[in-house]
$ cat model.cif   # mmCIF, C-alpha atoms
data_my_file
#
loop_
_atom_site.group_PDB
_atom_site.id
_atom_site.type_symbol
_atom_site.label_atom_id
_atom_site.label_comp_id
_atom_site.auth_asym_id
_atom_site.auth_seq_id
_atom_site.Cartn_x
_atom_site.Cartn_y
_atom_site.Cartn_z
ATOM 1 C CA MET A 1 -192.680 48.767 120.912
ATOM 2 C CA SER A 2 -195.231 47.221 123.303
ATOM 3 C CA GLY A 3 -196.555 50.720 123.986
ATOM 4 C CA ALA A 4 -197.253 51.248 120.294
ATOM 5 C CA ILE A 5 -199.032 47.886 120.074
ATOM 6 C CA THR A 6 -201.155 48.703 123.104
ATOM 7 C CA GLU A 7 -202.010 52.082 121.615
ATOM 8 C CA SER A 8 -202.945 50.454 118.320
ATOM 9 C CA ILE A 9 -205.157 47.905 120.035
ATOM 10 C CA LEU A 10 -206.851 50.635 122.071
ATOM 11 C CA THR A 11 -207.361 52.746 118.963
ATOM 12 C CA ILE A 12 -208.922 49.847 117.081
ATOM 13 C CA ALA A 13 -211.111 49.129 120.118
ATOM 14 C CA VAL A 14 -212.262 52.759 120.236
ATOM 15 C CA ILE A 15 -213.022 52.726 116.508
ATOM 16 C CA LEU A 16 -214.982 49.489 116.787
ATOM 17 C CA ALA A 17 -216.906 50.738 119.827
ATOM 18 C CA ALA A 18 -217.703 54.039 118.129
ATOM 19 C CA ALA A 19 -218.773 52.285 114.929
ATOM 20 C CA THR A 20 -220.996 49.834 116.807
ATOM 21 C CA THR A 21 -222.555 52.587 118.889
ATOM 22 C CA SER A 22 -223.188 54.762 115.871
ATOM 23 C CA VAL A 23 -224.816 51.939 113.912
ATOM 24 C CA ALA A 24 -227.054 51.089 116.872
ATOM 25 C CA MET A 25 -228.034 54.719 117.483
ATOM 26 C CA ILE A 26 -228.670 55.521 113.836
ATOM 27 C CA GLN A 27 -230.793 52.386 113.563
ATOM 28 C CA SER A 28 -232.787 53.454 116.653
ATOM 29 C CA ILE A 29 -233.269 56.976 115.324
ATOM 30 C CA TYR A 30 -234.394 55.584 111.986
ATOM 31 C CA ASN A 31 -236.906 53.238 113.672
ATOM 32 C CA LEU A 32 -238.230 56.010 115.901
ATOM 33 C CA ASP A 33 -238.533 58.301 112.905
ATOM 34 C CA SER A 34 -240.423 55.685 110.860
ATOM 35 C CA THR A 35 -242.794 54.923 113.725
ATOM 36 C CA ASN A 36 -243.537 58.584 114.334
ATOM 37 C CA LEU A 37 -244.088 59.260 110.632
ATOM 38 C CA SER A 38 -246.437 56.310 110.432
ATOM 39 C CA LEU A 39 -248.407 57.530 113.460
ATOM 40 C CA LEU A 40 -248.570 61.028 112.008
ATOM 41 C CA ASP A 41 -249.804 59.689 108.666
ATOM 42 C CA THR A 42 -252.557 57.790 110.445
ATOM 43 C CA ALA A 43 -253.526 60.866 112.466
ATOM 44 C CA ARG A 44 -253.479 62.982 109.294
ATOM 45 C CA GLU A 45 -255.675 60.519 107.414
ATOM 46 C CA SER A 46 -258.069 60.415 110.342
ATOM 47 C CA ALA A 47 -258.175 64.218 110.505
ATOM 48 C CA LEU A 48 -258.871 64.537 106.785
ATOM 49 C CA THR A 49 -261.860 62.192 106.826
ATOM 50 C CA GLN A 50 -264.120 63.503 109.557
ATOM 51 C CA PHE A 51 -267.803 62.665 109.622
ATOM 52 C CA LYS A 52 -270.358 63.944 112.095
ATOM 53 C CA ILE A 53 -273.741 62.502 113.000
ATOM 54 C CA VAL A 54 -275.899 65.618 113.068
ATOM 55 C CA PHE A 55 -279.383 64.286 113.793
ATOM 56 C CA ALA A 56 -281.281 61.078 114.415
ATOM 57 C CA SER A 57 -284.915 60.137 114.772
ATOM 58 C CA ASN A 58 -287.232 57.195 114.337
ATOM 59 C CA SER A 59 -288.933 56.891 110.957
ATOM 60 C CA SER A 60 -291.334 54.125 112.067
ATOM 61 C CA SER A 61 -291.820 51.897 115.086
ATOM 62 C CA THR A 62 -289.045 49.564 113.883
ATOM 63 C CA SER A 63 -286.705 51.820 111.958
ATOM 64 C CA LEU A 64 -284.777 54.994 112.445
ATOM 65 C CA LYS A 65 -282.640 57.399 110.508
ATOM 66 C CA LEU A 66 -279.352 59.108 111.172
ATOM 67 C CA TRP A 67 -277.996 61.985 109.136
ATOM 68 C CA VAL A 68 -274.255 62.216 108.742
ATOM 69 C CA LYS A 69 -272.265 65.121 107.332
ATOM 70 C CA ASN A 70 -268.759 65.085 105.908
ATOM 71 C CA VAL A 71 -267.027 67.781 107.958
ATOM 72 C CA GLY A 72 -263.520 66.749 106.902
ATOM 73 C CA LEU A 73 -261.369 67.980 104.054
ATOM 74 C CA ARG A 74 -261.459 64.901 101.848
ATOM 75 C CA GLU A 75 -264.235 63.512 99.648
ATOM 76 C CA VAL A 76 -265.196 59.871 100.100
ATOM 77 C CA ASP A 77 -266.507 57.545 97.431
ATOM 78 C CA SER A 78 -270.025 56.546 98.474
ATOM 79 C CA ALA A 79 -269.120 52.945 97.607
ATOM 80 C CA LEU A 80 -266.858 53.023 100.670
ATOM 81 C CA LEU A 81 -269.626 54.078 103.057
ATOM 82 C CA GLY A 82 -270.547 50.438 103.571
ATOM 83 C CA ARG A 83 -267.191 49.965 105.284
ATOM 84 C CA PHE A 84 -268.145 52.357 108.054
ATOM 85 C CA ALA A 85 -268.848 50.630 111.357
ATOM 86 C CA LEU A 86 -272.104 51.555 113.078
ATOM 87 C CA PHE A 87 -272.783 50.799 116.702
ATOM 88 C CA LEU A 88 -276.270 51.669 117.858
ATOM 89 C CA GLY A 89 -278.765 50.910 120.538
ATOM 90 C CA PRO A 90 -280.510 51.991 123.673
ATOM 91 C CA ARG A 91 -278.145 52.769 126.518
ATOM 92 C CA GLY A 92 -276.829 49.564 128.007
ATOM 93 C CA ASN A 93 -277.677 47.537 124.922
ATOM 94 C CA VAL A 94 -275.567 49.028 122.159
ATOM 95 C CA THR A 95 -274.852 46.605 119.361
ATOM 96 C CA PHE A 96 -272.923 46.459 116.106
ATOM 97 C CA VAL A 97 -275.258 47.018 113.175
ATOM 98 C CA PRO A 98 -274.037 45.346 109.976
ATOM 99 C CA PHE A 99 -274.318 47.065 106.615
ATOM 100 C CA ASN A 100 -276.924 45.670 104.205
ATOM 101 C CA ALA A 101 -277.450 42.527 106.251
ATOM 102 C CA SER A 102 -280.171 40.091 105.173
ATOM 103 C CA GLN A 103 -281.925 40.409 108.514
ATOM 104 C CA ALA A 104 -282.360 43.164 111.067
ATOM 105 C CA PRO A 105 -280.577 44.935 112.533
ATOM 106 C CA SER A 106 -279.144 46.312 109.351
ATOM 107 C CA TRP A 107 -278.350 49.679 107.839
ATOM 108 C CA SER A 108 -278.217 51.210 104.391
ATOM 109 C CA TYR A 109 -277.459 54.706 103.154
ATOM 110 C CA ALA A 110 -278.618 57.307 100.673
ATOM 111 C CA LEU A 111 -276.921 60.538 99.648
ATOM 112 C CA VAL A 112 -279.164 63.453 100.519
ATOM 113 C CA ASN A 113 -277.450 66.441 98.977
ATOM 114 C CA ASP A 114 -275.002 65.280 96.345
ATOM 115 C CA LEU A 115 -274.982 68.685 94.665
ATOM 116 C CA ASP A 116 -272.557 67.731 91.905
ATOM 117 C CA SER A 117 -274.143 64.274 91.408
ATOM 118 C CA ASP A 118 -270.772 62.548 91.401
ATOM 119 C CA SER A 119 -271.793 59.865 93.940
ATOM 120 C CA TRP A 120 -268.977 60.999 96.193
ATOM 121 C CA VAL A 121 -269.573 62.478 99.617
ATOM 122 C CA ASP A 122 -267.710 65.747 99.199
ATOM 123 C CA PRO A 123 -266.826 67.961 102.166
ATOM 124 C CA GLY A 124 -270.069 69.537 103.392
ATOM 125 C CA GLU A 125 -272.296 66.922 101.783
ATOM 126 C CA SER A 126 -274.419 64.549 103.830
ATOM 127 C CA PHE A 127 -275.851 61.101 103.688
ATOM 128 C CA GLU A 128 -278.741 59.460 105.433
ATOM 129 C CA ILE A 129 -278.436 56.152 107.259
ATOM 130 C CA SER A 130 -281.605 54.078 107.472
ATOM 131 C CA VAL A 131 -281.546 51.458 110.184
ATOM 132 C CA SER A 132 -283.942 48.518 110.335
ATOM 133 C CA TRP A 133 -284.170 47.480 113.945
ATOM 134 C CA SER A 134 -285.037 43.997 115.102
ATOM 135 C CA GLY A 135 -288.396 44.597 116.762
ATOM 136 C CA GLU A 136 -290.047 47.655 118.250
ATOM 137 C CA LEU A 137 -287.745 50.543 119.041
ATOM 138 C CA PRO A 138 -287.623 50.920 122.798
ATOM 139 C CA GLY A 139 -288.053 54.479 124.054
ATOM 140 C CA GLY A 140 -285.438 56.271 126.098
ATOM 141 C CA ASP A 141 -281.871 57.335 125.480
ATOM 142 C CA TRP A 142 -280.023 55.911 122.500
ATOM 143 C CA TYR A 143 -276.381 55.979 121.564
ATOM 144 C CA ALA A 144 -274.867 55.885 118.089
ATOM 145 C CA ARG A 145 -271.228 55.613 117.117
ATOM 146 C CA LEU A 146 -269.969 55.722 113.551
ATOM 147 C CA THR A 147 -266.359 54.837 112.775
ATOM 148 C CA THR A 148 -264.705 55.454 109.425
ATOM 149 C CA PRO A 149 -262.146 53.029 107.991
ATOM 150 C CA ALA A 150 -259.495 55.655 108.820
ATOM 151 C CA GLY A 151 -260.483 55.511 112.471
ATOM 152 C CA ALA A 152 -262.332 58.811 112.798
ATOM 153 C CA VAL A 153 -265.247 58.483 115.195
ATOM 154 C CA SER A 154 -268.519 60.344 115.570
ATOM 155 C CA GLU A 155 -270.758 59.762 118.545
ATOM 156 C CA TYR A 156 -274.310 60.907 119.028
ATOM 157 C CA THR A 157 -276.838 60.567 121.802
ATOM 158 C CA PHE A 158 -280.554 61.029 121.261
ATOM 159 C CA SER A 159 -283.868 60.062 122.775
ATOM 160 C CA LEU A 160 -286.835 58.224 121.352
ATOM 161 C CA GLY A 161 -290.380 58.271 122.594
ATOM 162 C CA GLY A 162 -292.256 61.076 124.229
ATOM 163 C CA MET B 1 -202.646 56.465 115.597
ATOM 164 C CA GLY B 2 -204.343 57.703 118.777
ATOM 165 C CA GLY B 3 -205.153 60.936 116.987
ATOM 166 C CA PHE B 4 -206.889 59.059 114.231
ATOM 167 C CA GLY B 5 -209.048 57.217 116.800
ATOM 168 C CA SER B 6 -210.142 60.486 118.347
ATOM 169 C CA VAL B 7 -210.941 61.971 114.974
ATOM 170 C CA PHE B 8 -212.969 58.898 114.085
ATOM 171 C CA ALA B 9 -214.870 59.003 117.395
ATOM 172 C CA VAL B 10 -215.658 62.721 116.933
ATOM 173 C CA ALA B 11 -216.775 62.097 113.359
ATOM 174 C CA THR B 12 -219.045 59.310 114.561
ATOM 175 C CA VAL B 13 -220.638 61.526 117.179
ATOM 176 C CA GLY B 14 -221.072 64.191 114.488
ATOM 177 C CA ILE B 15 -222.852 61.737 112.202
ATOM 178 C CA ILE B 16 -225.193 60.694 115.039
ATOM 179 C CA ILE B 17 -226.018 64.319 115.835
ATOM 180 C CA ALA B 18 -226.607 65.049 112.135
ATOM 181 C CA PHE B 19 -228.931 62.056 111.862
ATOM 182 C CA SER B 20 -230.795 63.107 115.009
ATOM 183 C CA LEU B 21 -231.263 66.639 113.713
ATOM 184 C CA GLY B 22 -232.448 65.275 110.361
ATOM 185 C CA ALA B 23 -234.990 63.042 112.074
ATOM 186 C CA PHE B 24 -236.147 65.907 114.285
ATOM 187 C CA ALA B 25 -236.549 68.174 111.239
ATOM 188 C CA LYS B 26 -238.577 65.502 109.456
ATOM 189 C CA LEU B 27 -240.815 65.104 112.491
ATOM 190 C CA THR B 28 -241.337 68.838 112.778
ATOM 191 C CA ILE B 29 -242.339 69.054 109.126
ATOM 192 C CA SER B 30 -244.744 66.142 109.593
ATOM 193 C CA TYR B 31 -246.360 67.790 112.622
ATOM 194 C CA MET B 32 -246.751 71.011 110.648
ATOM 195 C CA THR B 33 -248.349 69.074 107.787
ATOM 196 C CA LEU B 34 -250.686 67.411 110.281
ATOM 197 C CA THR B 35 -251.636 70.777 111.742
ATOM 198 C CA THR B 36 -252.500 72.175 108.331
ATOM 199 C CA SER B 37 -254.531 69.032 107.564
ATOM 200 C CA MET B 38 -256.862 69.610 110.495
ATOM 201 C CA PRO B 39 -260.272 70.939 109.477
ATOM 202 C CA PRO B 40 -260.679 74.577 110.496
ATOM 203 C CA GLU B 41 -262.903 75.573 113.383
ATOM 204 C CA PRO B 42 -266.574 75.309 112.393
ATOM 205 C CA SER B 43 -268.792 78.349 111.919
ATOM 206 C CA ARG B 44 -270.799 79.609 114.855
ATOM 207 C CA PRO B 45 -274.325 80.528 113.810
ATOM 208 C CA HIS B 46 -276.953 81.180 116.461
ATOM 209 C CA VAL B 47 -280.718 81.371 116.356
ATOM 210 C CA GLU B 48 -281.909 84.912 116.866
ATOM 211 C CA SER B 49 -285.674 84.473 116.762
ATOM 212 C CA GLY B 50 -288.436 82.517 115.115
ATOM 213 C CA TYR B 51 -292.171 82.180 114.908
ATOM 214 C CA MET B 52 -294.860 80.000 113.431
ATOM 215 C CA GLN B 53 -296.932 81.911 110.913
ATOM 216 C CA ASP B 54 -299.475 79.141 110.442
ATOM 217 C CA PRO B 55 -299.511 75.396 111.261
ATOM 218 C CA GLU B 56 -297.378 74.630 108.209
ATOM 219 C CA THR B 57 -295.150 77.690 107.897
ATOM 220 C CA CYS B 58 -292.388 78.899 110.200
ATOM 221 C CA PHE B 59 -289.776 81.618 109.972
ATOM 222 C CA VAL B 60 -286.412 81.552 111.731
ATOM 223 C CA ASN B 61 -283.714 84.218 111.910
ATOM 224 C CA ILE B 62 -280.150 82.978 112.295
ATOM 225 C CA THR B 63 -277.190 85.269 112.857
ATOM 226 C CA MET B 64 -273.719 84.189 111.814
ATOM 227 C CA GLY B 65 -271.273 84.401 114.699
ATOM 228 C CA GLY B 66 -267.567 83.662 114.868
ATOM 229 C CA SER B 67 -265.168 85.020 112.309
ATOM 230 C CA LYS B 68 -266.016 83.342 109.038
ATOM 231 C CA GLY B 69 -268.968 83.462 106.725
ATOM 232 C CA LEU B 70 -270.731 81.026 104.438
ATOM 233 C CA PRO B 71 -270.846 81.576 100.668
ATOM 234 C CA VAL B 72 -274.455 81.596 99.511
ATOM 235 C CA SER B 73 -273.475 79.120 96.804
ATOM 236 C CA LYS B 74 -273.004 76.576 99.605
ATOM 237 C CA LEU B 75 -276.464 77.007 101.102
ATOM 238 C CA GLY B 76 -277.446 73.802 99.298
ATOM 239 C CA LEU B 77 -275.171 71.918 101.701
ATOM 240 C CA VAL B 78 -277.010 73.228 104.738
ATOM 241 C CA GLU B 79 -279.159 70.747 106.617
ATOM 242 C CA VAL B 80 -282.348 71.790 108.401
ATOM 243 C CA PHE B 81 -284.219 69.564 110.831
ATOM 244 C CA VAL B 82 -287.421 70.166 112.756
ATOM 245 C CA ALA B 83 -289.275 68.320 115.479
ATOM 246 C CA TYR B 84 -292.842 69.081 116.464
ATOM 247 C CA ARG B 85 -296.152 67.438 117.242
ATOM 248 C CA SER B 86 -298.564 66.682 114.458
ATOM 249 C CA GLY B 87 -301.787 64.742 114.904
ATOM 250 C CA GLY B 88 -300.798 64.068 118.490
ATOM 251 C CA SER B 89 -297.536 62.318 117.673
ATOM 252 C CA LEU B 90 -293.986 63.545 117.605
ATOM 253 C CA LEU B 91 -292.545 64.203 114.157
ATOM 254 C CA SER B 92 -288.782 64.681 113.691
ATOM 255 C CA THR B 93 -287.628 65.126 110.162
ATOM 256 C CA ARG B 94 -285.124 66.665 107.792
ATOM 257 C CA LEU B 95 -286.444 69.364 105.510
ATOM 258 C CA GLU B 96 -285.420 69.400 101.871
ATOM 259 C CA ARG B 97 -284.171 72.660 100.431
ATOM 260 C CA ASP B 98 -286.763 74.587 98.407
ATOM 261 C CA SER B 99 -289.666 72.253 99.173
ATOM 262 C CA GLY B 100 -288.996 72.296 102.926
ATOM 263 C CA TRP B 101 -286.903 75.366 103.589
ATOM 264 C CA SER B 102 -285.708 78.382 101.696
ATOM 265 C CA ALA B 103 -283.653 81.480 102.385
ATOM 266 C CA VAL B 104 -285.796 84.598 102.344
ATOM 267 C CA ARG B 105 -283.243 87.355 102.849
ATOM 268 C CA VAL B 106 -280.023 88.372 104.549
ATOM 269 C CA PHE B 107 -280.014 91.507 106.630
ATOM 270 C CA VAL B 108 -278.047 93.314 109.313
ATOM 271 C CA GLY B 109 -279.600 94.423 112.600
ATOM 272 C CA SER B 110 -283.033 95.789 111.968
ATOM 273 C CA GLY B 111 -282.257 97.254 108.571
ATOM 274 C CA ALA B 112 -282.574 95.611 105.198
ATOM 275 C CA GLY B 113 -279.580 95.051 102.927
ATOM 276 C CA GLU B 114 -275.941 94.644 103.792
ATOM 277 C CA LEU B 115 -272.658 96.172 102.715
ATOM 278 C CA VAL B 116 -270.088 93.397 103.020
ATOM 279 C CA ASN B 117 -270.117 90.728 100.307
ATOM 280 C CA PRO B 118 -273.692 91.549 99.309
ATOM 281 C CA VAL B 119 -275.936 88.556 98.929
ATOM 282 C CA ASP B 120 -278.093 87.929 95.903
ATOM 283 C CA LEU B 121 -280.153 84.870 96.772
ATOM 284 C CA ALA B 122 -281.627 84.613 93.275
ATOM 285 C CA LYS B 123 -278.171 84.460 91.676
ATOM 286 C CA GLY B 124 -276.645 82.482 94.524
ATOM 287 C CA THR B 125 -273.819 84.978 95.019
ATOM 288 C CA GLY B 126 -272.374 86.757 98.007
ATOM 289 C CA ILE B 127 -271.435 85.653 101.488
ATOM 290 C CA TRP B 128 -273.471 85.338 104.665
ATOM 291 C CA ASP B 129 -270.933 87.177 106.803
ATOM 292 C CA PRO B 130 -270.508 87.235 110.579
ATOM 293 C CA GLY B 131 -273.009 89.617 112.137
ATOM 294 C CA GLU B 132 -275.500 89.201 109.306
ATOM 295 C CA THR B 133 -278.833 87.515 109.834
ATOM 296 C CA LEU B 134 -280.337 84.966 107.489
ATOM 297 C CA GLU B 135 -284.092 84.584 107.469
ATOM 298 C CA LEU B 136 -285.347 81.098 106.655
ATOM 299 C CA LYS B 137 -288.846 80.066 105.710
ATOM 300 C CA LEU B 138 -289.777 76.535 106.741
ATOM 301 C CA GLN B 139 -292.581 74.592 105.115
ATOM 302 C CA LEU B 140 -293.594 71.773 107.446
ATOM 303 C CA PRO B 141 -294.567 68.477 105.803
ATOM 304 C CA LEU B 142 -297.550 68.034 108.131
ATOM 305 C CA PRO B 143 -299.441 70.699 110.054
ATOM 306 C CA SER B 144 -298.260 71.383 113.558
ATOM 307 C CA ASP B 145 -300.551 70.944 116.548
ATOM 308 C CA GLY B 146 -299.024 74.130 117.916
ATOM 309 C CA GLY B 147 -296.999 74.381 121.084
ATOM 310 C CA GLU B 148 -293.296 73.653 121.136
ATOM 311 C CA TRP B 149 -291.260 73.085 118.017
ATOM 312 C CA TYR B 150 -287.587 72.419 117.590
ATOM 313 C CA PHE B 151 -285.292 73.759 114.881
ATOM 314 C CA LEU B 152 -281.763 72.594 114.015
ATOM 315 C CA MET B 153 -279.522 73.961 111.300
ATOM 316 C CA VAL B 154 -276.171 72.392 110.377
ATOM 317 C CA LEU B 155 -273.743 74.244 108.126
ATOM 318 C CA PRO B 156 -271.405 72.484 105.652
ATOM 319 C CA ASP B 157 -268.428 72.733 108.015
ATOM 320 C CA GLY B 158 -270.350 71.161 110.896
ATOM 321 C CA GLY B 159 -271.178 74.410 112.688
ATOM 322 C CA GLU B 160 -274.724 74.237 113.985
ATOM 323 C CA CYS B 161 -277.390 76.045 115.925
ATOM 324 C CA SER B 162 -280.680 74.942 117.383
ATOM 325 C CA TRP B 163 -283.561 76.312 119.388
ATOM 326 C CA THR B 164 -286.802 75.082 120.874
ATOM 327 C CA PHE B 165 -289.598 77.590 120.308
ATOM 328 C CA SER B 166 -292.737 77.615 122.380
#
$ encode --input "model.cif" --output "structure tokens"
Amino acid sequence: MSGAITESILTIAVILAAATTSVAMIQSIYNLDSTNLSLLDTARESALTQFKIVFASNSSSTSLKLWVKNVGLREVDSALLGRFALFLGPRGNVTFVPFNASQAPSWSYALVNDLDSDSWVDPGESFEISVSWSGELPGGDWYARLTTPAGAVSEYTFSLGG
Amino acid sequence: MGGFGSVFAVATVGIIIAFSLGAFAKLTISYMTLTTSMPPEPSRPHVESGYMQDPETCFVNITMGGSKGLPVSKLGLVEVFVAYRSGGSLLSTRLERDSGWSAVRVFVGSGAGELVNPVDLAKGTGIWDPGETLELKLQLPLPSDGGEWYFLMVLPDGGECSWTFS
């Protein structure tokens, strides 16, 4: 009789242990799966919206221009371009340049080849960034970094002067 | 009773394995989706030759490399930049299509015409295929002082080529 009770207790213990373990493991797998899917979605979004700074030059002694091309697979509403983050400056003095700020430094944009005139930057289309710099543009090597809201980054190095 | 416990334990392990496989399958599908979302490799054009006809007019020959071509209908998405000296100062600028640059012809080797996806620039049809050379005419906004000049062409997919002529 006591043997049967012991066996029953052990069986219940095994069932409880197995149930607890399975719940914990399934929960862990689910969390891992969700995290990975979230990371993959972010990476996918970033891959779809790729922009590339293709050229830069000064347009006056206090302003310069950068040309940026959409080399991704997704079109972007030009109204969202103001959310891009631009970091620019001579090497060693790179600074964040706000969009449409009331005082320099500041940047604005214009679409340069919106072939279908839909005000969206379609894949292959470009836009021009005009930067008003605070003071004379110092010569030498410059660095530009443009980051999209999705996290895609384009970096560009160029020289002024000469 | 003991048999039931074993069966339950085995079933539990089976459920865990099934869940794991399901999660792994989902991850694999996501990675495959990510891979297909990546933009394809950009085109690989390269500058073949170029010359300045007069202080305001240049010609450049660009040959398409790599394995994919560019539909002529997408030439409007091509960006052309030049840098040169004018009036003693350095001028770097983007050229507008038509007023600043235009495609003159597409040819293969030294012969005129081409067999694969023939290009009709007037109609905007055909494909600038790998191995074919596109001749561009550049109209500079200000006359060049002569000497070195720089040319950069960027295709819609980000493929680019540049050259400094002297």
$ interface_residues --input "model.cif" --of "chain A" --to "chain B" --cutoff "8 Å" --atoms "all atoms listed in the file" --output "number ranges by chain"
A: 7-8, 11-12, 14-15, 18-19, 22, 25-26, 29-30, 33, 36-37, 40-41, 43-44, 47-48, 52, 54-55, 57-58, 69-73, 113, 115, 123-126, 162
$ axis_aligned_box --input "model.cif" --around "region 104-123 of chain B" --padding-each-side "6 Å" --output "AutoDock Vina command-line options"
--center_x -277.9 --center_y 90.9 --center_z 102.1 --size_x 27.7 --size_y 24.8 --size_z 32.9
$ residues_around --input "model.cif" --residues "region 67-70 of chain B" --least-positions-apart "3" --cutoff "6 Å" --atoms "only C-alpha atoms" --output "PDB file with C-alpha atoms, in the frame of the given file"
ATOM      1  CA  ILE B 127    -271.435  85.653 101.488  1.00  0.00           C
ATOM      2  CA  TRP B 128    -273.471  85.338 104.665  1.00  0.00           C
ATOM      3  CA  ASP B 129    -270.933  87.177 106.803  1.00  0.00           C
ATOM      4  CA  PRO B 130    -270.508  87.235 110.579  1.00  0.00           C
TER       5      PRO B 130
END
$ atom_distance --input "model.cif" --atom1 "CA of Leu160 (chain A)" --atom2 "CA of Leu64 (chain A)"
9.7 Å
$ residues_around --input "model.cif" --residues "Leu86 (chain A)" --least-positions-apart "5" --cutoff "7 Å" --atoms "all atoms listed in the file" --output "PyMOL selection string"
chain A and resi 96-97+145-147
$ residues_around --input "model.cif" --residues "Asn100 (chain A)" --least-positions-apart "6" --cutoff "12 Å" --atoms "all atoms listed in the file" --output "MDAnalysis selection string"
chainID A and resid 81:86 106:109 129:132
$ closest_residue --input "model.cif" --among "A:Ser78, A:Ser119, A:Gln103, A:Gln50" --to "Ser154 (chain A)" --atoms "all atoms listed in the file"
A:Gln50
$ resolve_selection --input "model.cif" --expression "the PyMOL selection byres ((chain B and resi 48) around 9)" --output "VMD selection string"
chain B and resid 46 to 47 49 to 50 60 to 63 133
$ resolve_selection --input "model.cif" --expression "the PyMOL selection byres ((chain B and resi 56) around 6)" --output "list in words"
Asp54, Pro55, Thr57, Gln139, Leu140 and Pro143 of chain B
$ atom_distance --input "model.cif" --atom1 "CA of Ala150 (chain A)" --atom2 "CA of Thr49 (chain A)"
7.2 Å
$ atom_distance --input "model.cif" --atom1 "CA of Ser102 (chain B)" --atom2 "CA of Leu138 (chain B)"
6.7 Å
$ resolve_selection --input "model.cif" --expression "the PyMOL selection byres ((chain B and resi 116) around 12)" --output "short mmCIF file (atom, residue, chain, number, x, y, z; two decimals) with C-alpha atoms, in the coordinates of the input"
data_model
loop_
_atom_site.label_atom_id
_atom_site.label_comp_id
_atom_site.auth_asym_id
_atom_site.auth_seq_id
_atom_site.Cartn_x
_atom_site.Cartn_y
_atom_site.Cartn_z
CA GLY B 69 -268.97 83.46 106.72
CA VAL B 106 -280.02 88.37 104.55
CA PHE B 107 -280.01 91.51 106.63
CA VAL B 108 -278.05 93.31 109.31
CA GLY B 113 -279.58 95.05 102.93
CA GLU B 114 -275.94 94.64 103.79
CA LEU B 115 -272.66 96.17 102.72
CA ASN B 117 -270.12 90.73 100.31
CA PRO B 118 -273.69 91.55 99.31
CA VAL B 119 -275.94 88.56 98.93
CA GLY B 126 -272.37 86.76 98.01
CA ILE B 127 -271.44 85.65 101.49
CA TRP B 128 -273.47 85.34 104.66
CA ASP B 129 -270.93 87.18 106.80
CA PRO B 130 -270.51 87.24 110.58
CA GLY B 131 -273.01 89.62 112.14
CA GLU B 132 -275.50 89.20 109.31
#
$ residues_around --input "model.cif" --residues "Ser166 (chain B)" --least-positions-apart "3" --cutoff "10 Å" --atoms "only C-alpha atoms" --output "VMD selection string"
chain B and resid 50 to 52 146 to 150 163
$ closest_residue --input "model.cif" --among "A:Val94, A:Leu137, A:Ser60, A:Phe51" --to "Val153 (chain A)" --atoms "all atoms listed in the file"
A:Phe51
$ closest_residue --input "model.cif" --among "B:Lys137, B:Val72, B:Ala25, B:Cys58" --to "Ala122 (chain B)" --atoms "only C-alpha atoms"
B:Val72
$ decode --input "model.cif" --residues "region 6-16 of chain A" --atoms "N, CA and C atoms" --output "PDB file, in the first residue's frame"
ATOM      1  N   THR A   6       3.792   5.896  -2.523  1.00  0.00           N
ATOM      2  CA  THR A   6       5.077   6.502  -2.928  1.00  0.00           C
ATOM      3  C   THR A   6       5.146   6.683  -4.432  1.00  0.00           C
ATOM      4  N   GLU A   7       4.697   5.635  -5.141  1.00  0.00           N
ATOM      5  CA  GLU A   7       4.718   5.701  -6.616  1.00  0.00           C
ATOM      6  C   GLU A   7       3.825   6.830  -7.132  1.00  0.00           C
ATOM      7  N   SER A   8       2.663   6.958  -6.477  1.00  0.00           N
ATOM      8  CA  SER A   8       1.737   8.031  -6.886  1.00  0.00           C
ATOM      9  C   SER A   8       2.352   9.397  -6.654  1.00  0.00           C
ATOM     10  N   ILE A   9       2.972   9.552  -5.486  1.00  0.00           N
ATOM     11  CA  ILE A   9       3.591  10.846  -5.162  1.00  0.00           C
ATOM     12  C   ILE A   9       4.690  11.163  -6.172  1.00  0.00           C
ATOM     13  N   LEU A  10       5.513  10.131  -6.470  1.00  0.00           N
ATOM     14  CA  LEU A  10       6.610  10.340  -7.419  1.00  0.00           C
ATOM     15  C   LEU A  10       6.069  10.698  -8.807  1.00  0.00           C
ATOM     16  N   THR A  11       4.995  10.012  -9.183  1.00  0.00           N
ATOM     17  CA  THR A  11       4.398  10.276 -10.498  1.00  0.00           C
ATOM     18  C   THR A  11       3.888  11.718 -10.587  1.00  0.00           C
ATOM     19  N   ILE A  12       3.186  12.114  -9.520  1.00  0.00           N
ATOM     20  CA  ILE A  12       2.674  13.502  -9.496  1.00  0.00           C
ATOM     21  C   ILE A  12       3.835  14.494  -9.536  1.00  0.00           C
ATOM     22  N   ALA A  13       4.914  14.157  -8.798  1.00  0.00           N
ATOM     23  CA  ALA A  13       6.089  15.040  -8.786  1.00  0.00           C
ATOM     24  C   ALA A  13       6.695  15.151 -10.174  1.00  0.00           C
ATOM     25  N   VAL A  14       6.792  13.997 -10.864  1.00  0.00           N
ATOM     26  CA  VAL A  14       7.349  14.009 -12.231  1.00  0.00           C
ATOM     27  C   VAL A  14       6.472  14.847 -13.153  1.00  0.00           C
ATOM     28  N   ILE A  15       5.156  14.674 -13.027  1.00  0.00           N
ATOM     29  CA  ILE A  15       4.233  15.430 -13.886  1.00  0.00           C
ATOM     30  C   ILE A  15       4.350  16.928 -13.628  1.00  0.00           C
ATOM     31  N   LEU A  16       4.416  17.277 -12.342  1.00  0.00           N
ATOM     32  CA  LEU A  16       4.550  18.710 -12.005  1.00  0.00           C
ATOM     33  C   LEU A  16       5.867  19.273 -12.515  1.00  0.00           C
TER      34      LEU A  16
END
